[in-house]
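Colleague: Below you'll find data-v8.csv; it's CSV, C-alpha atoms.
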chain,number,residue,atom,x,y,z
A,1,MET,CA,-35.7,11.5,-12.5
A,2,GLN,CA,-35.8,11.4,-8.8
A,3,HIS,CA,-34.1,8.0,-8.8
A,4,THR,CA,-31.1,9.1,-10.9
A,5,ASN,CA,-30.7,12.1,-8.7
A,6,THR,CA,-30.2,10.1,-5.5
A,7,GLN,CA,-28.0,7.7,-7.4
A,8,ASP,CA,-25.8,10.7,-8.5
A,9,THR,CA,-25.6,11.9,-4.9
A,10,LEU,CA,-24.6,8.4,-3.7
A,11,VAL,CA,-21.9,8.1,-6.4
A,12,GLY,CA,-20.7,11.6,-5.4
A,13,LEU,CA,-20.6,10.6,-1.7
A,14,PHE,CA,-18.7,7.4,-2.6
A,15,VAL,CA,-16.0,9.1,-4.6
A,16,ALA,CA,-15.7,11.8,-2.0
A,17,ALA,CA,-15.3,9.2,0.8
A,18,GLY,CA,-12.7,7.3,-1.3
A,19,ILE,CA,-10.7,10.5,-1.9
A,20,ALA,CA,-11.0,11.4,1.8
A,21,GLY,CA,-9.6,7.9,2.6
A,22,LEU,CA,-6.6,8.5,0.3
A,23,PHE,CA,-6.0,11.9,1.9
A,24,PHE,CA,-6.2,10.3,5.3
A,25,LEU,CA,-3.7,7.7,4.3
A,26,SER,CA,-1.3,10.3,2.8
A,27,PHE,CA,-1.3,12.8,5.6
A,28,GLN,CA,-2.3,11.0,8.8
A,29,VAL,CA,-0.7,7.6,8.2
A,30,SER,CA,2.4,8.3,6.1
A,31,ASN,CA,5.2,10.7,6.5
A,32,LEU,CA,4.1,13.0,3.7
A,33,SER,CA,3.1,15.8,6.0
A,34,SER,CA,6.3,15.8,8.0
A,35,PHE,CA,8.8,16.3,5.2
A,36,THR,CA,7.2,18.4,2.6
A,37,GLN,CA,8.0,22.0,1.8
A,38,LYS,CA,10.3,22.3,4.8
A,39,ALA,CA,13.5,24.0,3.8
A,40,THR,CA,16.6,22.1,4.9
A,41,TYR,CA,20.4,22.6,5.0
A,42,THR,CA,22.9,19.8,4.7
A,43,VAL,CA,25.8,19.0,7.0
A,44,THR,CA,28.4,16.3,6.6
A,45,ALA,CA,29.7,14.2,9.4
A,46,ARG,CA,32.4,11.5,9.2
A,47,PHE,CA,32.1,8.5,11.5
A,48,ASP,CA,34.7,5.8,12.1
A,49,ASN,CA,31.7,3.4,12.1
A,50,SER,CA,28.1,4.4,11.4
A,51,GLY,CA,26.7,1.0,12.5
A,52,GLY,CA,23.2,0.3,11.4
A,53,LEU,CA,22.4,3.8,10.3
A,54,LYS,CA,20.2,4.0,7.2
A,55,VAL,CA,19.1,6.7,4.8
A,56,LYS,CA,16.1,8.5,6.4
A,57,SER,CA,17.2,7.6,9.9
A,58,PRO,CA,16.3,10.5,12.2
A,59,VAL,CA,18.7,13.2,13.3
A,60,SER,CA,17.8,14.6,16.7
A,61,ALA,CA,19.0,17.1,19.2
A,62,ALA,CA,18.0,16.9,22.9
A,63,GLY,CA,15.7,14.1,21.9
A,64,VAL,CA,13.7,16.1,19.4
A,65,LYS,CA,13.8,15.2,15.7
A,66,ILE,CA,15.3,18.0,13.7
A,67,GLY,CA,16.2,16.3,10.4
A,68,GLN,CA,17.1,13.0,8.7
A,69,VAL,CA,20.1,11.2,7.1
A,70,SER,CA,20.1,11.8,3.4
A,71,SER,CA,23.0,9.6,2.3
A,72,ILE,CA,25.7,7.4,3.6
A,73,SER,CA,28.9,6.5,1.7
A,74,PHE,CA,32.3,5.0,2.4
A,75,ASP,CA,35.4,7.1,1.9
A,76,PRO,CA,38.1,4.8,0.6
A,77,LYS,CA,40.9,7.3,1.6
A,78,THR,CA,40.2,7.8,5.2
A,79,TYR,CA,38.3,4.5,5.7
A,80,GLN,CA,35.5,6.5,7.3
A,81,SER,CA,31.7,6.5,6.8
A,82,VAL,CA,30.5,9.8,5.3
A,83,VAL,CA,27.0,10.6,6.5
A,84,VAL,CA,25.1,13.6,5.0
A,85,LEU,CA,22.5,15.0,7.4
A,86,GLN,CA,19.6,17.2,6.3
A,87,ILE,CA,18.6,19.5,9.1
A,88,GLU,CA,15.5,21.8,9.0
A,89,SER,CA,16.4,25.4,8.3
A,90,GLN,CA,14.6,26.7,11.3
A,91,TYR,CA,17.3,25.0,13.5
A,92,ASN,CA,20.2,27.0,12.0
A,93,THR,CA,21.8,28.0,15.2
A,94,LEU,CA,23.8,24.8,16.0
A,95,PRO,CA,27.4,25.7,17.0
A,96,ASP,CA,30.1,24.5,14.7
A,97,ASP,CA,31.7,22.4,17.5
A,98,THR,CA,28.6,20.3,17.8
A,99,THR,CA,29.2,16.6,18.5
A,100,ALA,CA,27.5,14.0,16.4
A,101,SER,CA,27.0,10.4,17.8
A,102,VAL,CA,25.2,7.4,16.5
A,103,PHE,CA,22.9,6.0,19.2
A,104,THR,CA,20.2,3.3,19.3
A,105,ALA,CA,16.7,4.1,20.4
A,106,GLY,CA,16.1,1.5,23.1
A,107,LEU,CA,17.9,-1.8,23.2
A,108,LEU,CA,16.6,-3.1,19.9
A,109,GLY,CA,15.3,0.1,18.4
A,110,GLU,CA,16.5,1.9,15.2
A,111,GLN,CA,19.7,3.9,15.1
A,112,TYR,CA,19.7,7.6,14.9
A,113,VAL,CA,22.2,10.5,14.8
A,114,SER,CA,22.2,12.6,18.0
A,115,LEU,CA,23.6,16.1,17.9
A,116,GLU,CA,25.0,17.7,21.1
A,117,PRO,CA,25.7,21.4,20.8
A,118,GLY,CA,29.1,22.7,21.9
A,119,GLY,CA,29.9,26.2,23.1
A,120,SER,CA,31.2,27.9,20.0
A,121,GLU,CA,29.9,31.3,19.0
A,122,THR,CA,29.8,30.5,15.2
A,123,PHE,CA,27.1,28.4,13.7
A,124,LEU,CA,27.1,25.4,11.3
A,125,LYS,CA,26.5,26.5,7.7
A,126,ASP,CA,25.0,24.8,4.7
A,127,ASN,CA,27.4,22.2,3.4
A,128,GLY,CA,29.5,22.5,6.6
A,129,THR,CA,31.1,19.6,8.4
A,130,ILE,CA,30.8,18.3,11.9
A,131,ASP,CA,34.3,17.5,13.1
A,132,ILE,CA,33.7,15.8,16.4
A,133,THR,CA,32.0,12.5,16.0
A,134,GLN,CA,31.5,9.4,18.1
A,135,PRO,CA,31.1,6.1,16.3
A,136,ALA,CA,28.2,3.7,16.8
A,137,ILE,CA,28.5,1.3,19.7
A,138,ILE,CA,28.5,-2.2,18.2
A,139,LEU,CA,26.7,-4.4,20.7
A,140,GLU,CA,28.5,-7.6,19.6
A,141,LYS,CA,31.9,-5.9,20.1
A,142,ALA,CA,30.9,-4.6,23.5
A,143,ILE,CA,29.7,-8.0,24.6
A,144,GLY,CA,32.8,-9.6,23.3
A,145,GLN,CA,35.0,-7.2,25.3
A,146,PHE,CA,32.9,-7.7,28.4
A,147,LEU,CA,33.3,-11.5,28.2
A,148,PHE,CA,37.0,-11.2,27.5
A,149,LYS,CA,37.4,-9.0,30.6
A,150,ALA,CA,35.4,-11.4,32.7
A,151,ALA,CA,37.6,-14.3,31.6
A,152,GLU,CA,40.8,-12.3,32.5
A,153,GLU,CA,39.5,-11.5,36.0
A,154,LYS,CA,38.8,-15.2,36.7
A,155,LYS,CA,42.4,-16.2,36.1
B,156,MET,CA,-3.3,-43.6,-22.8
B,157,THR,CA,-3.8,-42.0,-26.2
B,158,TYR,CA,-7.1,-40.8,-25.0
B,159,PHE,CA,-5.5,-39.1,-22.0
B,160,LEU,CA,-2.9,-37.4,-24.2
B,161,GLN,CA,-5.5,-36.3,-26.7
B,162,ASN,CA,-7.5,-34.8,-23.8
B,163,LEU,CA,-4.4,-33.1,-22.4
B,164,GLY,CA,-3.6,-31.5,-25.8
B,165,LYS,CA,-7.2,-30.5,-26.4
B,166,SER,CA,-7.5,-28.8,-23.0
B,167,THR,CA,-4.2,-27.0,-23.3
B,168,ARG,CA,-5.1,-25.8,-26.7
B,169,SER,CA,-8.5,-24.6,-25.6
B,170,SER,CA,-7.1,-22.8,-22.6
B,171,PHE,CA,-4.7,-20.9,-24.9
B,172,THR,CA,-7.5,-20.2,-27.3
B,173,LYS,CA,-9.5,-18.8,-24.4
B,174,LEU,CA,-6.5,-16.6,-23.3
B,175,GLY,CA,-6.3,-15.3,-26.8
B,176,ARG,CA,-10.0,-14.5,-26.9
B,177,ALA,CA,-9.7,-12.8,-23.5
B,178,THR,CA,-6.8,-10.6,-24.7
B,179,PHE,CA,-8.7,-9.7,-27.8
B,180,PHE,CA,-11.7,-8.9,-25.6
B,181,LEU,CA,-9.5,-6.7,-23.4
B,182,LEU,CA,-8.2,-4.8,-26.4
B,183,GLN,CA,-11.7,-4.2,-27.7
B,184,THR,CA,-12.8,-3.0,-24.3
B,185,LEU,CA,-9.9,-0.6,-24.0
B,186,ALA,CA,-10.7,0.7,-27.5
B,187,GLY,CA,-14.2,1.4,-26.3
B,188,ILE,CA,-13.2,3.5,-23.4
B,189,PRO,CA,-13.0,6.9,-25.3
B,190,SER,CA,-16.6,6.5,-26.3
B,191,VAL,CA,-17.6,6.0,-22.6
B,192,LEU,CA,-16.1,9.3,-21.7
B,193,LEU,CA,-18.5,10.9,-24.2
B,194,ARG,CA,-21.4,9.4,-22.2
B,195,PRO,CA,-20.5,9.8,-18.5
B,196,ARG,CA,-24.1,8.7,-17.6
B,197,LEU,CA,-23.3,5.1,-18.4
B,198,LEU,CA,-20.1,5.3,-16.3
B,199,LEU,CA,-22.0,6.9,-13.4
B,200,ASN,CA,-24.6,4.1,-13.3
B,201,GLN,CA,-21.9,1.5,-13.2
B,202,LEU,CA,-19.9,3.3,-10.5
B,203,TYR,CA,-23.1,3.2,-8.5
B,204,SER,CA,-23.6,-0.6,-8.9
B,205,VAL,CA,-19.9,-1.5,-8.6
B,206,GLY,CA,-18.7,1.1,-6.1
B,207,VAL,CA,-21.5,2.4,-3.9
B,208,LEU,CA,-23.1,-1.0,-3.4
B,209,SER,CA,-19.7,-2.5,-2.4
B,210,PHE,CA,-19.1,0.4,0.0
B,211,LEU,CA,-20.7,-1.2,3.1
B,212,ILE,CA,-19.0,-4.6,2.9
B,213,ILE,CA,-15.7,-2.9,2.3
B,214,THR,CA,-15.9,-0.5,5.2
B,215,ILE,CA,-17.3,-3.1,7.7
B,216,SER,CA,-14.7,-5.7,6.7
B,217,GLY,CA,-11.9,-3.0,6.9
B,218,LEU,CA,-13.0,-2.0,10.4
B,219,PHE,CA,-13.0,-5.6,11.6
B,220,VAL,CA,-9.7,-6.5,10.0
B,221,GLY,CA,-8.1,-3.4,11.6
B,222,MET,CA,-9.6,-4.4,15.0
B,223,VAL,CA,-8.3,-7.9,14.7
B,224,LEU,CA,-4.9,-6.7,13.7
B,225,GLY,CA,-5.0,-4.4,16.8
B,226,LEU,CA,-5.8,-7.2,19.1
B,227,GLN,CA,-3.4,-9.8,17.7
B,228,GLY,CA,-0.6,-7.2,17.2
B,229,TYR,CA,-0.9,-6.1,20.8
B,230,ASN,CA,-0.7,-9.6,22.1
B,231,ILE,CA,2.5,-10.3,20.1
B,232,LEU,CA,4.2,-6.9,20.5
B,233,SER,CA,3.6,-6.7,24.3
B,234,ASP,CA,5.7,-9.8,24.7
B,235,PHE,CA,8.7,-7.7,23.5
B,236,GLY,CA,7.5,-4.5,25.3
B,237,ALA,CA,7.0,-2.9,21.9
B,238,GLU,CA,3.3,-2.0,22.1
B,239,ALA,CA,4.1,1.5,20.9
B,240,THR,CA,4.8,0.1,17.5
B,241,LEU,CA,1.3,-1.3,17.1
B,242,GLY,CA,0.4,1.5,14.8
B,243,VAL,CA,3.3,0.7,12.5
B,244,MET,CA,2.3,-3.0,12.3
B,245,VAL,CA,-1.4,-2.3,11.7
B,246,ALA,CA,-0.8,0.4,9.1
B,247,ALA,CA,2.0,-1.3,7.2
B,248,SER,CA,0.1,-4.6,6.9
B,249,LEU,CA,-3.1,-2.9,5.9
B,250,VAL,CA,-1.6,-0.4,3.4
B,251,ARG,CA,0.9,-2.8,1.8
B,252,GLU,CA,-0.9,-6.1,1.7
B,253,LEU,CA,-4.3,-6.6,3.4
B,254,GLY,CA,-5.9,-3.5,2.1
B,255,PRO,CA,-5.4,-4.2,-1.6
B,256,VAL,CA,-5.7,-8.0,-1.4
B,257,VAL,CA,-8.7,-8.4,0.9
B,258,SER,CA,-10.7,-5.6,-0.7
B,259,ALA,CA,-9.9,-7.0,-4.2
B,260,LEU,CA,-11.1,-10.5,-3.0
B,261,LEU,CA,-14.3,-8.9,-1.6
B,262,PHE,CA,-14.7,-6.9,-4.7
B,263,ALA,CA,-14.5,-10.0,-6.9
B,264,GLY,CA,-17.1,-11.7,-4.7
B,265,ARG,CA,-19.4,-8.8,-4.4
B,266,ALA,CA,-19.1,-6.9,-7.7
B,267,GLY,CA,-17.3,-9.4,-10.0
B,268,SER,CA,-19.8,-12.2,-9.7
B,269,ALA,CA,-22.7,-9.8,-10.2
B,270,LEU,CA,-21.0,-8.4,-13.4
B,271,THR,CA,-20.5,-12.0,-14.8
B,272,ALA,CA,-24.1,-13.0,-14.0
B,273,GLU,CA,-25.5,-9.8,-15.5
B,274,ILE,CA,-23.6,-10.1,-18.7
B,275,GLY,CA,-24.0,-13.8,-18.9
B,276,LEU,CA,-27.7,-13.5,-18.6
B,277,MET,CA,-27.7,-10.7,-21.2
B,278,LYS,CA,-26.0,-13.1,-23.6
B,279,ALA,CA,-28.3,-16.0,-22.7
B,280,THR,CA,-31.4,-13.9,-23.3
B,281,GLU,CA,-29.8,-12.6,-26.5
B,282,GLN,CA,-29.9,-9.0,-25.5
B,283,LEU,CA,-26.3,-8.6,-26.7
B,284,SER,CA,-27.1,-9.9,-30.2
B,285,GLY,CA,-30.2,-7.8,-30.1
B,286,MET,CA,-28.0,-4.7,-29.6
B,287,GLU,CA,-25.8,-5.7,-32.5
B,288,MET,CA,-28.9,-6.0,-34.6
B,289,MET,CA,-29.7,-2.4,-33.7
B,290,ALA,CA,-26.1,-1.4,-34.7
B,291,VAL,CA,-25.2,-0.7,-31.1
B,292,ASP,CA,-21.8,-2.0,-30.2
B,293,PRO,CA,-22.4,-4.1,-26.9
B,294,ILE,CA,-18.7,-3.7,-26.1
B,295,LYS,CA,-18.9,0.1,-26.1
B,296,ARG,CA,-22.3,0.3,-24.6
B,297,ILE,CA,-22.1,-2.5,-21.9
B,298,ILE,CA,-18.6,-3.7,-21.3
B,299,SER,CA,-16.3,-0.7,-21.4
B,300,PRO,CA,-18.3,1.4,-18.9
B,301,ARG,CA,-18.3,-1.5,-16.4
B,302,PHE,CA,-14.6,-2.1,-17.0
B,303,LEU,CA,-13.7,1.6,-16.4
B,304,ALA,CA,-16.0,1.7,-13.3
B,305,GLY,CA,-14.2,-1.3,-11.8
B,306,CYS,CA,-10.8,0.3,-12.5
B,307,LEU,CA,-11.9,3.6,-10.9
B,308,ALA,CA,-13.8,2.1,-7.9
B,309,MET,CA,-11.1,-0.3,-6.8
B,310,PRO,CA,-8.5,2.2,-5.6
B,311,LEU,CA,-11.1,4.2,-3.8
B,312,LEU,CA,-12.5,1.1,-2.1
B,313,THR,CA,-9.0,0.0,-1.1
B,314,ALA,CA,-8.2,3.4,0.4
B,315,LEU,CA,-11.4,3.3,2.4
B,316,PHE,CA,-10.6,-0.2,3.6
B,317,SER,CA,-7.1,0.7,4.8
B,318,ALA,CA,-8.2,4.0,6.3
B,319,VAL,CA,-11.1,2.5,8.2
B,320,GLY,CA,-8.8,-0.4,9.3
B,321,VAL,CA,-6.2,2.0,10.7
B,322,VAL,CA,-8.9,3.7,12.7
B,323,GLY,CA,-10.2,0.3,13.9
B,324,GLY,CA,-6.8,-0.7,15.0
B,325,GLN,CA,-6.5,2.6,16.9
B,326,MET,CA,-9.9,2.1,18.5
B,327,ILE,CA,-8.8,-1.3,19.9
B,328,GLY,CA,-5.2,-0.4,20.5
B,329,SER,CA,-5.5,2.9,22.4
B,330,GLY,CA,-9.2,2.7,23.3
B,331,LEU,CA,-9.3,-0.7,24.8
B,332,LEU,CA,-5.8,-1.9,25.4
B,333,GLY,CA,-4.1,1.3,26.5
B,334,VAL,CA,-1.5,1.9,23.9
B,335,ASP,CA,-0.6,5.6,23.9
B,336,GLU,CA,-2.5,7.3,21.2
B,337,GLY,CA,0.3,9.7,20.3
B,338,ALA,CA,2.8,6.9,20.0
B,339,TYR,CA,0.3,5.0,17.8
B,340,TRP,CA,0.1,7.8,15.2
B,341,SER,CA,3.7,9.2,15.5
B,342,GLN,CA,5.4,5.8,15.2
B,343,MET,CA,3.1,5.1,12.2
B,344,GLN,CA,4.0,8.4,10.5
B,345,ALA,CA,7.7,7.8,11.1
B,346,SER,CA,7.7,4.4,9.5
B,347,ILE,CA,5.2,4.5,6.7
B,348,ASP,CA,6.6,6.2,3.6
B,349,PHE,CA,4.2,8.0,1.2
B,350,TRP,CA,5.9,6.7,-2.0
B,351,ASP,CA,7.1,3.3,-0.9
B,352,ASP,CA,3.9,2.3,1.0
B,353,ILE,CA,0.9,4.3,0.1
B,354,VAL,CA,1.5,4.8,-3.6
B,355,ASN,CA,2.6,1.2,-4.1
B,356,GLY,CA,-0.6,0.1,-2.3
B,357,VAL,CA,-2.7,2.2,-4.7
B,358,ILE,CA,-0.8,0.8,-7.7
B,359,LYS,CA,-1.6,-2.7,-6.5
B,360,SER,CA,-5.3,-1.9,-6.1
B,361,VAL,CA,-5.5,-0.4,-9.6
B,362,VAL,CA,-3.9,-3.6,-11.0
B,363,PHE,CA,-6.3,-5.8,-9.0
B,364,GLY,CA,-9.3,-3.7,-10.1
B,365,TRP,CA,-8.2,-4.1,-13.7
B,366,VAL,CA,-7.7,-7.8,-13.5
B,367,THR,CA,-10.9,-8.5,-11.6
B,368,SER,CA,-13.0,-6.5,-13.9
B,369,TRP,CA,-11.4,-8.1,-17.0
B,370,ILE,CA,-12.0,-11.6,-15.7
B,371,ALA,CA,-15.5,-10.9,-14.6
B,372,LEU,CA,-16.6,-9.2,-17.8
B,373,PHE,CA,-14.8,-11.8,-20.0
B,374,GLU,CA,-16.3,-14.8,-18.3
B,375,GLY,CA,-19.8,-13.2,-18.6
B,376,TYR,CA,-19.2,-12.3,-22.3
B,377,ASP,CA,-17.7,-15.8,-23.1
B,378,THR,CA,-20.3,-17.8,-21.2
B,379,LEU,CA,-22.3,-20.7,-22.7
B,380,PRO,CA,-25.8,-19.1,-23.2
B,381,THR,CA,-27.5,-21.5,-20.8
B,382,SER,CA,-28.4,-21.2,-17.1
B,383,GLU,CA,-25.8,-23.8,-16.2
B,384,GLY,CA,-23.2,-21.9,-18.3
B,385,VAL,CA,-24.0,-18.7,-16.4
B,386,SER,CA,-23.6,-20.4,-13.1
B,387,ARG,CA,-20.3,-21.9,-14.1
B,388,ALA,CA,-19.0,-18.6,-15.4
B,389,THR,CA,-19.9,-16.9,-12.1
B,390,THR,CA,-18.0,-19.5,-10.2
B,391,ARG,CA,-15.0,-19.3,-12.5
B,392,THR,CA,-15.0,-15.5,-12.1
B,393,VAL,CA,-14.6,-15.7,-8.3
B,394,VAL,CA,-12.0,-18.6,-8.4
B,395,ASN,CA,-9.9,-17.1,-11.2
B,396,SER,CA,-10.0,-13.7,-9.7
B,397,ALA,CA,-8.8,-15.0,-6.4
B,398,PHE,CA,-6.0,-16.9,-8.0
B,399,SER,CA,-4.9,-13.9,-10.1
B,400,ILE,CA,-5.1,-11.5,-7.2
B,401,LEU,CA,-3.0,-13.6,-4.9
B,402,GLY,CA,-0.5,-14.6,-7.6
B,403,LEU,CA,-0.1,-11.0,-8.9
B,404,ASP,CA,0.2,-9.8,-5.3
B,405,PHE,CA,3.2,-11.9,-4.8
B,406,ILE,CA,4.8,-10.7,-8.0
B,407,LEU,CA,4.0,-7.0,-7.2
B,408,THR,CA,5.3,-7.4,-3.7
B,409,ALA,CA,8.5,-8.9,-4.9
B,410,LEU,CA,8.9,-6.0,-7.4
B,411,MET,CA,8.0,-3.2,-5.0
B,412,PHE,CA,9.3,-4.3,-1.6
B,413,GLY,CA,11.8,-7.0,-2.6
B,414,ASP,CA,14.9,-5.0,-2.4
B,415,ASN,CA,14.8,-3.9,1.2
Translate the structure described by the file into structure tokens.

Modeller:
Amino acid sequence: MQHTNTQDTLVGLFVAAGIAGLFFLSFQVSNLSSFTQKATYTVTARFDNSGGLKVKSPVSAAGVKIGQVSSISFDPKTYQSVVVLQIESQYNTLPDDTTASVFTAGLLGEQYVSLEPGGSETFLKDNGTIDITQPAIILEKAIGQFLFKAAEEKK
Amino acid sequence: MTYFLQNLGKSTRSSFTKLGRATFFLLQTLAGIPSVLLRPRLLLNQLYSVGVLSFLIITISGLFVGMVLGLQGYNILSDFGAEATLGVMVAASLVRELGPVVSALLFAGRAGSALTAEIGLMKATEQLSGMEMMAVDPIKRIISPRFLAGCLAMPLLTALFSAVGVVGGQMIGSGLLGVDEGAYWSQMQASIDFWDDIVNGVIKSVVFGWVTSWIALFEGYDTLPTSEGVSRATTRTVVNSAFSILGLDFILTALMFGDN
């Protein structure tokens, strides 16, 4: 009887350890904790070029992550990229003349949307739009222009 | 020449026959699972021998794999000045691939071989036919509890392996090599997705647990009732499990992660 009791305890400990491992993976390793049960509101921004932006790319203001990109689509009428941003509801005091730009974290890092607040008194609302946008800087284009200029100056 | 052709045909046919027997065996085992749930004691005993006894080898291997990933990843990433992404590298490789695959290989070596030897010996010493004589169904009494225990233990062992590995990588990365601890965890959390990475890893481990237990139990049940037969069956369990795990892993990876 004693033997089966210890065996039961060990099996119990094993199952508990396994479940603890699963919880650790879910909450400490993955992003489950950062985007659950947080209320968000959506804002649309139209970019001339959204570069390498992807769904789930971060949206940040002053370097702090406040939301993520929820969808990117192409508007065939204006030839612009329509990017839908999900911003956490606690940050609902962004002015409606906020500027959205696509930046790259570091030289080779991932691209993100940076929001720079303007000076307006009215705030962005759910399903609102950001009118002032700055397209992504395409590195190849910039290098091409730089080389072109350098060749012009040599002449 | 005709001899060669004859042999080829014979071995092809016998391998298909074996596959058919294995499938029938699997169906019988699945049909026996409801009766196991009525006797949880049988399942508990098997969870002990399959899960608890594999606990040590899994956690220690996980720790060392994580530490090696930390060292190697740091060496490569520091060339690009990207040490901060060490956490992403360690966690992604563990959760997606190494966790499920290595723990399944260890599981096949540690628990699968023991299952085959145990059941093979039961058959060789005619304990299985003895049970049938007493109107006890050996599939329900012996096979199904072991199968279910394997399927339940494997995801838990894999989760432990990955979790311990991530901690091992952190120990080496931020403890020894000076990667910022906050960056290690926050970059990891930003890049590892719960559904795409963790859940897919768990699905992989369930599939591997299923396949490994199936192979181990079938090889034991199908063995020639001699000592040589048991030894061959044990070898086949480990070899076939390794093949199936690695092959299935490729297919599952292509299905789960292929589109991005």

Colleague: Using Å and a single decimal, report how far CA of Gln7 (chain A) sits from CA of Val321 (chain B).

Modeller: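 Separating CA of Val321 (chain B) from CA of Gln7 (chain A) is a distance of 28.9 Å.
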
Colleague: Take CA of Val362 (chain B) and CA of Leu193 (chain B) and report the distance between them in Å, one decimal.

Modeller: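 For CA of Val362 (chain B) relative to CA of Leu193 (chain B), the distance reads 24.4 Å.
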
Colleague: Ranking B:Gly364, B:Gly242, B:Gly402, B:Gly324 by minimum distance to Gly337 (chain B) and counting all atoms listed in the file, which one comes first?

Modeller: B:Gly242

Colleague: With all atoms listed in the file as the counted atoms, please give the residues lying no more than 6 Å from region 60-66 of chain A, apart from itself and same-chain residues fewer than 5 positions off, as a PyMOL selection string.

Modeller: chain A and resi 87+114-115

Colleague: Could you tell me which residues of chain A sit within 8 Å of chain B when counting only C-alpha atoms, and give me the result as a short mmCIF file (atom, residue, chain, number, x, y, z; two decimals) with C-alpha atoms, in the frame of the given file?

Modeller:
data_model
loop_
_atom_site.label_atom_id
_atom_site.label_comp_id
_atom_site.auth_asym_id
_atom_site.auth_seq_id
_atom_site.Cartn_x
_atom_site.Cartn_y
_atom_site.Cartn_z
CA GLN A 7 -28.00 7.70 -7.40
CA ASP A 8 -25.80 10.70 -8.50
CA LEU A 10 -24.60 8.40 -3.70
CA VAL A 11 -21.90 8.10 -6.40
CA PHE A 14 -18.70 7.40 -2.60
CA VAL A 15 -16.00 9.10 -4.60
CA ALA A 17 -15.30 9.20 0.80
CA GLY A 18 -12.70 7.30 -1.30
CA ILE A 19 -10.70 10.50 -1.90
CA GLY A 21 -9.60 7.90 2.60
CA LEU A 22 -6.60 8.50 0.30
CA PHE A 24 -6.20 10.30 5.30
CA LEU A 25 -3.70 7.70 4.30
CA SER A 26 -1.30 10.30 2.80
CA GLN A 28 -2.30 11.00 8.80
CA VAL A 29 -0.70 7.60 8.20
CA SER A 30 2.40 8.30 6.10
CA ASN A 31 5.20 10.70 6.50
CA LEU A 32 4.10 13.00 3.70
#

Colleague: May I have the residues within 6 Å of region 118-131 of chain A as number ranges by chain, using all atoms listed in the file and disregarding those fewer than 3 positions away in the same chain?

Modeller: A: 41-45, 93-98

Colleague: Using only C-alpha atoms, which of A:Phe74, A:Phe146, A:Tyr91, A:Phe103 sits nearest Gly51 (chain A)?

Modeller: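 With only C-alpha atoms as the atom set, the closest residue is A:Phe103.
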
Colleague: Between CA of Gly333 (chain B) and CA of Gly217 (chain B), what is the distance in Å, rounded to a tenth?

Modeller: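 We find that CA of Gly333 (chain B) and CA of Gly217 (chain B) lie 21.5 Å from each other.
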
Colleague: Nearest to Gln183 (chain B) among B:Ser299, B:Thr389, B:Asn395, B:Gln325, with distances taken over only C-alpha atoms: which residue is it?

Modeller: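 Selected residue with least distance to Gln183 (chain B): B:Ser299.
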
Colleague: Using all atoms listed in the file, which protein or nucleic acid residues come within 8 Å of region 275-289 of chain B? Drop anything in the same chain fewer than 6 positions from it, and give the result as a list in words.

Modeller: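 Everything that qualifies: Glu374, Gly375, Tyr376, Asp377, Thr378, Leu379, Pro380, Thr381, Ser382, Val385 and Ala388 of chain B.
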
Colleague: Give me, as a list in words, all polymer residues having an atom no more than 8 Å from Ser57 (chain A), counting only C-alpha atoms and skipping those fewer than 2 positions away in the same chain.

Modeller: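 Residues near the query, excluding close chain neighbours: Leu53, Lys54, Val55, Val59, Gln68, Val69, Glu110, Gln111, Tyr112 and Val113 of chain A.
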
Colleague: Could the residues in this selection be saved with C-alpha atoms as a short mmCIF file (atom, residue, chain, number, x, y, z; two decimals), in the frame of the given file?

Modeller:
data_model
loop_
_atom_site.label_atom_id
_atom_site.label_comp_id
_atom_site.auth_asym_id
_atom_site.auth_seq_id
_atom_site.Cartn_x
_atom_site.Cartn_y
_atom_site.Cartn_z
CA LEU A 53 22.40 3.80 10.30
CA LYS A 54 20.20 4.00 7.20
CA VAL A 55 19.10 6.70 4.80
CA VAL A 59 18.70 13.20 13.30
CA GLN A 68 17.10 13.00 8.70
CA VAL A 69 20.10 11.20 7.10
CA GLU A 110 16.50 1.90 15.20
CA GLN A 111 19.70 3.90 15.10
CA TYR A 112 19.70 7.60 14.90
CA VAL A 113 22.20 10.50 14.80
#

Colleague: Need to verify the contact set: Pro300 (chain B), 10 Å, only C-alpha atoms, exclusion of same-chain residues closer than 3 positions in sequence. Can you return it as a list in words?

Modeller: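 Non-adjacent residues within range: Thr184, Gly187, Ile188, Pro189, Ser190, Val191, Leu192, Arg194, Pro195, Arg196, Leu197, Leu198, Leu199, Asn200, Gln201, Leu202, Ile294, Lys295, Arg296, Ile297, Leu303, Ala304, Gly305 and Cys306 of chain B.
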
Colleague: Could you tell me which of B:Lys165, B:Arg176, B:Lys359, B:Arg387 comes closest to Ala259 (chain B) if we count all atoms listed in the file?

Modeller: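 Closest candidate: B:Lys359.
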